[in-house]
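Novice: For reference, this is protein.pdb, and it has PDB, C-alpha atoms.
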```pdb
MODEL        1
ATOM      1  CA  MET A   1     101.673  63.967   5.242
ATOM      2  CA  TYR A   2     103.803  61.736   7.436
ATOM      3  CA  THR A   3     104.632  62.463  11.053
ATOM      4  CA  SER A   4     106.528  61.000  13.954
ATOM      5  CA  THR A   5     104.428  59.369  16.646
ATOM      6  CA  LEU A   6     105.802  61.800  19.248
ATOM      7  CA  LYS A   7     103.376  64.399  20.609
ATOM      8  CA  ARG A   8     105.248  67.523  19.470
ATOM      9  CA  ALA A   9     105.462  66.284  15.862
ATOM     10  CA  LYS A  10     101.767  65.377  15.814
ATOM     11  CA  GLN A  11     100.945  68.833  17.197
ATOM     12  CA  THR A  12     103.004  70.445  14.431
ATOM     13  CA  ALA A  13     101.269  68.283  11.810
ATOM     14  CA  SER A  14      97.876  69.314  13.200
ATOM     15  CA  ILE A  15      98.820  72.994  13.005
ATOM     16  CA  ILE A  16      99.925  72.543   9.379
ATOM     17  CA  VAL A  17      96.588  70.901   8.539
ATOM     18  CA  ASP A  18      94.610  73.611  10.363
ATOM     19  CA  LYS A  19      96.475  76.453   8.618
ATOM     20  CA  ASN A  20      96.383  74.910   5.120
ATOM     21  CA  THR A  21      93.264  75.893   3.199
ATOM     22  CA  ASN A  22      93.958  73.297   0.483
ATOM     23  CA  ILE A  23      93.471  70.306   2.781
ATOM     24  CA  ASP A  24      90.122  68.690   3.514
ATOM     25  CA  LYS A  25      90.066  68.444   7.300
ATOM     26  CA  ASN A  26      89.492  64.939   8.697
ATOM     27  CA  ASP A  27      91.030  62.415  11.073
ATOM     28  CA  LYS A  28      93.200  60.917   8.321
ATOM     29  CA  ASN A  29      95.219  64.002   7.339
ATOM     30  CA  PHE A  30      98.515  62.452   8.373
ATOM     31  CA  ILE A  31     100.080  59.057   8.880
ATOM     32  CA  GLU A  32     101.962  58.467  12.131
ATOM     33  CA  LEU A  33     105.133  56.402  11.760
ATOM     34  CA  ALA A  34     107.501  55.242  14.497
ATOM     35  CA  LEU A  35     110.227  55.313  11.811
ATOM     36  CA  LEU A  36     110.164  59.110  12.125
ATOM     37  CA  ARG A  37     110.649  59.259  15.909
ATOM     38  CA  GLU A  38     113.639  61.099  17.324
ATOM     39  CA  ARG A  39     116.710  59.134  18.333
ATOM     40  CA  ASP A  40     116.086  57.006  21.415
ATOM     41  CA  PHE A  41     118.627  58.011  24.070
ATOM     42  CA  GLY A  42     118.002  54.920  26.205
ATOM     43  CA  VAL A  43     118.720  55.389  29.910
ATOM     44  CA  LEU A  44     119.448  59.090  29.276
ATOM     45  CA  GLU A  45     116.004  59.769  27.773
ATOM     46  CA  GLY A  46     114.538  62.886  29.371
ATOM     47  CA  ILE A  47     117.707  64.277  30.969
ATOM     48  CA  SER A  48     119.152  67.655  30.054
ATOM     49  CA  MET A  49     121.723  68.121  27.299
ATOM     50  CA  THR A  50     124.127  69.441  29.942
ATOM     51  CA  GLU A  51     123.901  66.161  31.891
ATOM     52  CA  HIS A  52     124.188  64.128  28.678
ATOM     53  CA  THR A  53     127.297  66.071  27.618
ATOM     54  CA  ALA A  54     128.888  65.625  31.064
ATOM     55  CA  LEU A  55     128.306  61.849  31.016
ATOM     56  CA  ALA A  56     129.759  61.620  27.507
ATOM     57  CA  ALA A  57     132.807  63.650  28.558
ATOM     58  CA  LYS A  58     133.468  61.185  31.407
ATOM     59  CA  GLU A  59     133.780  58.516  28.686
ATOM     60  CA  GLY A  60     136.063  60.788  26.635
ATOM     61  CA  LEU A  61     133.431  61.301  23.922
ATOM     62  CA  SER A  62     131.344  64.151  22.540
ATOM     63  CA  TRP A  63     127.600  64.058  23.262
ATOM     64  CA  LEU A  64     127.008  63.004  19.669
ATOM     65  CA  GLU A  65     129.475  60.115  19.703
ATOM     66  CA  TYR A  66     128.232  58.796  23.056
ATOM     67  CA  THR A  67     125.661  55.989  22.898
ATOM     68  CA  PRO A  68     124.135  55.421  26.335
ATOM     69  CA  GLU A  69     122.886  52.025  27.516
ATOM     70  CA  ALA A  70     119.766  50.885  25.598
ATOM     71  CA  ALA A  71     120.057  53.857  23.202
ATOM     72  CA  GLU A  72     119.963  53.927  19.416
ATOM     73  CA  THR A  73     123.206  54.553  17.581
ATOM     74  CA  LEU A  74     123.421  57.134  14.813
ATOM     75  CA  ASP A  75     123.527  54.216  12.375
ATOM     76  CA  ASP A  76     120.247  52.900  13.818
ATOM     77  CA  VAL A  77     118.598  56.258  13.086
ATOM     78  CA  LYS A  78     120.182  56.352   9.619
ATOM     79  CA  HIS A  79     118.755  52.902   8.815
ATOM     80  CA  ARG A  80     115.269  54.037   9.905
ATOM     81  CA  ALA A  81     115.577  57.153   7.743
ATOM     82  CA  GLU A  82     116.754  55.092   4.786
ATOM     83  CA  PHE A  83     113.849  52.653   5.161
ATOM     84  CA  PHE A  84     111.401  55.582   5.298
ATOM     85  CA  LEU A  85     112.954  57.190   2.213
ATOM     86  CA  ASP A  86     112.604  53.904   0.310
ATOM     87  CA  ARG A  87     108.922  53.698   1.335
ATOM     88  CA  ILE A  88     108.279  57.259   0.171
ATOM     89  CA  CYS A  89     109.882  56.533  -3.212
ATOM     90  CA  GLY A  90     107.607  53.512  -3.624
ATOM     91  CA  PHE A  91     104.523  55.494  -2.643
ATOM     92  CA  ALA A  92     105.452  58.282  -5.070
ATOM     93  CA  LEU A  93     105.615  55.889  -8.001
ATOM     94  CA  ASN A  94     102.350  54.204  -7.037
ATOM     95  CA  SER A  95     100.534  57.527  -6.802
ATOM     96  CA  LYS A  96      97.779  58.246  -9.321
ATOM     97  CA  ASN A  97      99.090  61.797  -9.643
ATOM     98  CA  GLU A  98     101.779  62.768 -12.120
ATOM     99  CA  THR A  99     103.498  64.705  -9.345
ATOM    100  CA  SER A 100     103.452  63.322  -5.818
ATOM    101  CA  LYS A 101     103.975  65.446  -2.735
ATOM    102  CA  ALA A 102     104.914  64.278   0.724
ATOM    103  CA  LEU A 103     105.230  66.485   3.762
ATOM    104  CA  VAL A 104     107.273  64.957   6.586
ATOM    105  CA  VAL A 105     107.098  66.189  10.177
ATOM    106  CA  THR A 106     109.932  64.709  12.204
ATOM    107  CA  HIS A 107     112.934  65.509  14.402
ATOM    108  CA  GLY A 108     116.535  66.725  14.103
ATOM    109  CA  PHE A 109     118.424  63.439  13.881
ATOM    110  CA  VAL A 110     115.981  61.978  11.354
ATOM    111  CA  ILE A 111     115.899  65.172   9.286
ATOM    112  CA  ALA A 112     119.688  65.342   9.204
ATOM    113  CA  HIS A 113     119.904  61.721   8.063
ATOM    114  CA  LEU A 114     117.202  62.177   5.399
ATOM    115  CA  ILE A 115     119.036  65.193   3.964
ATOM    116  CA  GLN A 116     122.343  63.340   4.079
ATOM    117  CA  LEU A 117     120.856  60.292   2.322
ATOM    118  CA  ILE A 118     119.270  62.380  -0.420
ATOM    119  CA  TYR A 119     122.563  64.199  -0.940
ATOM    120  CA  GLU A 120     124.592  60.969  -0.986
ATOM    121  CA  GLN A 121     122.243  59.356  -3.529
ATOM    122  CA  THR A 122     122.003  62.328  -5.888
ATOM    123  CA  ASN A 123     124.686  64.930  -5.075
ATOM    124  CA  CYS A 124     121.743  67.316  -5.275
ATOM    125  CA  LYS A 125     122.021  71.054  -5.651
ATOM    126  CA  GLY A 126     120.749  73.483  -3.069
ATOM    127  CA  VAL A 127     122.079  71.985   0.167
ATOM    128  CA  PRO A 128     124.789  74.264   1.591
ATOM    129  CA  ILE A 129     128.041  72.514   0.749
ATOM    130  CA  ASP A 130     129.793  73.562   3.962
ATOM    131  CA  VAL A 131     127.108  71.697   5.904
ATOM    132  CA  ILE A 132     127.024  68.527   3.862
ATOM    133  CA  LYS A 133     130.572  68.240   2.500
ATOM    134  CA  ASN A 134     131.782  65.613   4.950
ATOM    135  CA  GLY A 135     128.389  64.536   6.175
ATOM    136  CA  TRP A 136     128.616  62.126   9.055
ATOM    137  CA  SER A 137     132.268  61.240   8.507
ATOM    138  CA  ILE A 138     133.674  63.308  11.377
ATOM    139  CA  ALA A 139     132.080  64.460  14.626
ATOM    140  CA  GLU A 140     132.415  68.187  13.962
ATOM    141  CA  ASP A 141     130.459  67.891  10.716
ATOM    142  CA  ARG A 142     127.776  65.714  12.317
ATOM    143  CA  THR A 143     127.386  68.303  15.047
ATOM    144  CA  LYS A 144     127.183  71.122  12.482
ATOM    145  CA  MET A 145     124.568  69.195  10.510
ATOM    146  CA  LEU A 146     122.427  68.573  13.579
ATOM    147  CA  CYS A 147     122.804  72.061  15.004
ATOM    148  CA  ILE A 148     121.324  73.684  11.914
ATOM    149  CA  MET A 149     118.204  71.502  12.017
ATOM    150  CA  GLN A 150     116.058  73.803  14.115
ATOM    151  CA  ASN A 151     112.628  72.997  15.494
ATOM    152  CA  THR A 152     109.947  73.812  12.944
ATOM    153  CA  SER A 153     112.471  74.355  10.163
ATOM    154  CA  ILE A 154     111.347  73.709   6.598
ATOM    155  CA  THR A 155     113.501  72.038   3.975
ATOM    156  CA  ARG A 156     111.978  71.237   0.584
ATOM    157  CA  PHE A 157     113.277  68.861  -2.076
ATOM    158  CA  GLU A 158     112.045  68.186  -5.587
ATOM    159  CA  ILE A 159     112.799  64.522  -6.188
ATOM    160  CA  GLU A 160     112.629  62.250  -9.232
ATOM    161  CA  VAL A 161     112.306  58.519  -8.525
ATOM    162  CA  ASP A 162     113.690  55.830 -10.833
ATOM    163  CA  GLU A 163     110.810  53.536 -11.810
ATOM    164  CA  THR A 164     113.053  50.463 -11.999
ATOM    165  CA  THR A 165     115.093  50.762  -8.804
ATOM    166  CA  LEU A 166     112.520  52.714  -6.762
ATOM    167  CA  LYS A 167     115.431  54.869  -5.578
ATOM    168  CA  ILE A 168     115.930  58.594  -5.920
ATOM    169  CA  ASP A 169     117.203  59.352  -9.405
ATOM    170  CA  SER A 170     117.714  63.086  -8.938
ATOM    171  CA  ALA A 171     116.933  65.746  -6.366
ATOM    172  CA  LYS A 172     117.103  69.482  -5.940
ATOM    173  CA  CYS A 173     116.876  71.266  -2.603
ATOM    174  CA  VAL A 174     114.719  74.346  -3.217
ATOM    175  CA  LEU A 175     114.345  75.499   0.399
ATOM    176  CA  PHE A 176     116.823  74.819   3.164
ATOM    177  CA  ASN A 177     116.167  75.302   6.861
ATOM    178  CA  ILE A 178     113.706  78.166   6.745
ATOM    179  CA  PHE A 179     112.975  78.742  10.440
ATOM    180  CA  VAL A 180     109.412  79.282  11.632
ATOM    181  CA  SER A 181     108.941  79.453  15.392
ATOM    182  CA  VAL A 182     105.832  77.738  16.725
ATOM    183  CA  PRO A 183     104.823  78.483  20.329
ATOM    184  CA  HIS A 184     103.611  74.929  21.087
ATOM    185  CA  LEU A 185     107.249  73.751  21.052
ATOM    186  CA  HIS A 186     108.433  76.208  23.707
TER     187      HIS A 186
ENDMDL
END
```
Could you rewrite the structure in this file as structure tokens?
Specialist:
Amino acid sequence: MYTSTLKRAKQTASIIVDKNTNIDKNDKNFIELALLRERDFGVLEGISMTEHTALAAKEGLSWLEYTPEAAETLDDVKHRAEFFLDRICGFALNSKNETSKALVVTHGFVIAHLIQLIYEQTNCKGVPIDVIKNGWSIAEDRTKMLCIMQNTSITRFEIEVDETTLKIDSAKCVLFNIFVSVPHLH
């Protein structure tokens, strides 16, 4: 299991470990990675979405298109997600098991980018086409993609990795955005 280093993701990972009877409980049940952190909003970190949207509007941009001072761009987050996906593919091939499993606990922007990357690499089945059709190409579709990534949602992929390229060879989305509310996030 891999989790963001942010508190709410680590809490979710801990709850998953506690509720799963198939996991031996110890301090090493999940690996914390900064790669999985939510987008850094720079000087706007910690302000409300209403304030963020208002500041973006003053610049003539949507909240999603607006990159505040010292903030990550959407491309920055995409590059982190891509690097993580490459690492997971390498780990999967190096696993002693015939079938590797990885559970990832992260945040909306990272999840959206991971799903987009998997879809772009494989044109996989199971992701709702109206959500993914234009991906990140236009603001309305980026907003739609991010809006459906709810806290504590579950999306599951079955992925085959090419042993030569260490890239995803094929993928199938078998669960998409099943919502499970968890009180610790409220």
Novice: If you measure from CA of Val161 (chain A) to CA of His79 (chain A), what distance in Å do you get, rounded to one decimal?
Specialist: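 Those two atoms sit 19.3 Å apart.
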Novice: Find the distance between CA of Ile115 (chain A) and CA of Leu33 (chain A) and write it in Å to one decimal.
Specialist: 18.2 Å
Novice: Tell me which protein, DNA and RNA residues are within 12 Å of Thr73 (chain A), counting all atoms listed in the file, leaving out same-chain ones fewer than 2 positions away, and put them as a short mmCIF file (atom, residue, chain, number, x, y, z; two decimals) with C-alpha atoms, in the frame of the given file.
Specialist:
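As written to disk, out_8.cif reads:
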```cif
data_model
loop_
_atom_site.label_atom_id
_atom_site.label_comp_id
_atom_site.auth_asym_id
_atom_site.auth_seq_id
_atom_site.Cartn_x
_atom_site.Cartn_y
_atom_site.Cartn_z
CA GLU A 38 113.64 61.10 17.32
CA ARG A 39 116.71 59.13 18.33
CA ASP A 40 116.09 57.01 21.42
CA PHE A 41 118.63 58.01 24.07
CA GLY A 42 118.00 54.92 26.20
CA TRP A 63 127.60 64.06 23.26
CA LEU A 64 127.01 63.00 19.67
CA GLU A 65 129.48 60.12 19.70
CA TYR A 66 128.23 58.80 23.06
CA THR A 67 125.66 55.99 22.90
CA PRO A 68 124.14 55.42 26.34
CA GLU A 69 122.89 52.02 27.52
CA ALA A 70 119.77 50.88 25.60
CA ALA A 71 120.06 53.86 23.20
CA ASP A 75 123.53 54.22 12.38
CA ASP A 76 120.25 52.90 13.82
CA VAL A 77 118.60 56.26 13.09
CA LYS A 78 120.18 56.35 9.62
CA HIS A 79 118.76 52.90 8.82
CA ARG A 80 115.27 54.04 9.90
CA PHE A 109 118.42 63.44 13.88
#
```
Novice: Give as a ChimeraX atom specification the residues that the PyMOL selection byres ((chain A and resi 4) around 12) matches when applied to the coordinates above.
Specialist: /A:1-3,5-13,30-39,80-81,84,103-108,110-111
Novice: Which one is closest to Ile154 (chain A): A:Ile118, A:Leu166, A:Ala92, A:Cys173? Count all atoms listed in the file.
Specialist: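 Counting all atoms listed in the file, the residue closest to Ile154 (chain A) is A:Cys173.
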Novice: Show me the residues close to (104.0, 56.7, -3.3) - anything with an atom within 12 Å, counting only C-alpha atoms - and format the list as a PyMOL selection string.
Specialist: chain A and resi 1-2+84-102+160-161+163+166-167
Novice: Have a look at A:Thr165, A:Asn22, A:Ser62, A:Ser170 and name the one nearest to Thr50 (chain A); count only C-alpha atoms.
Specialist: A:Ser62
Novice: Would you give the centre and edge lengths, in Å to one decimal, of a box along x, y and z around the listed atoms of region 38-53 of chain A, with 8 Å added to each side, as AutoDock Vina command-line options?
Specialist:
```
--center_x 120.5 --center_y 62.2 --center_z 24.6 --size_x 29.7 --size_y 30.5 --size_z 30.6
```
Novice: In Å, rounded to a single decimal, give me how far CA of Ala56 (chain A) is from CA of Ala112 (chain A).
Specialist: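 Rounded to one decimal, the two atoms are 21.2 Å apart.
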Novice: A:Ile15, A:Ile168, A:Leu74, A:Ile23: which is nearest Thr122 (chain A), counting only C-alpha atoms?
Specialist: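 For Thr122 (chain A), the nearest of the given residues is A:Ile168.
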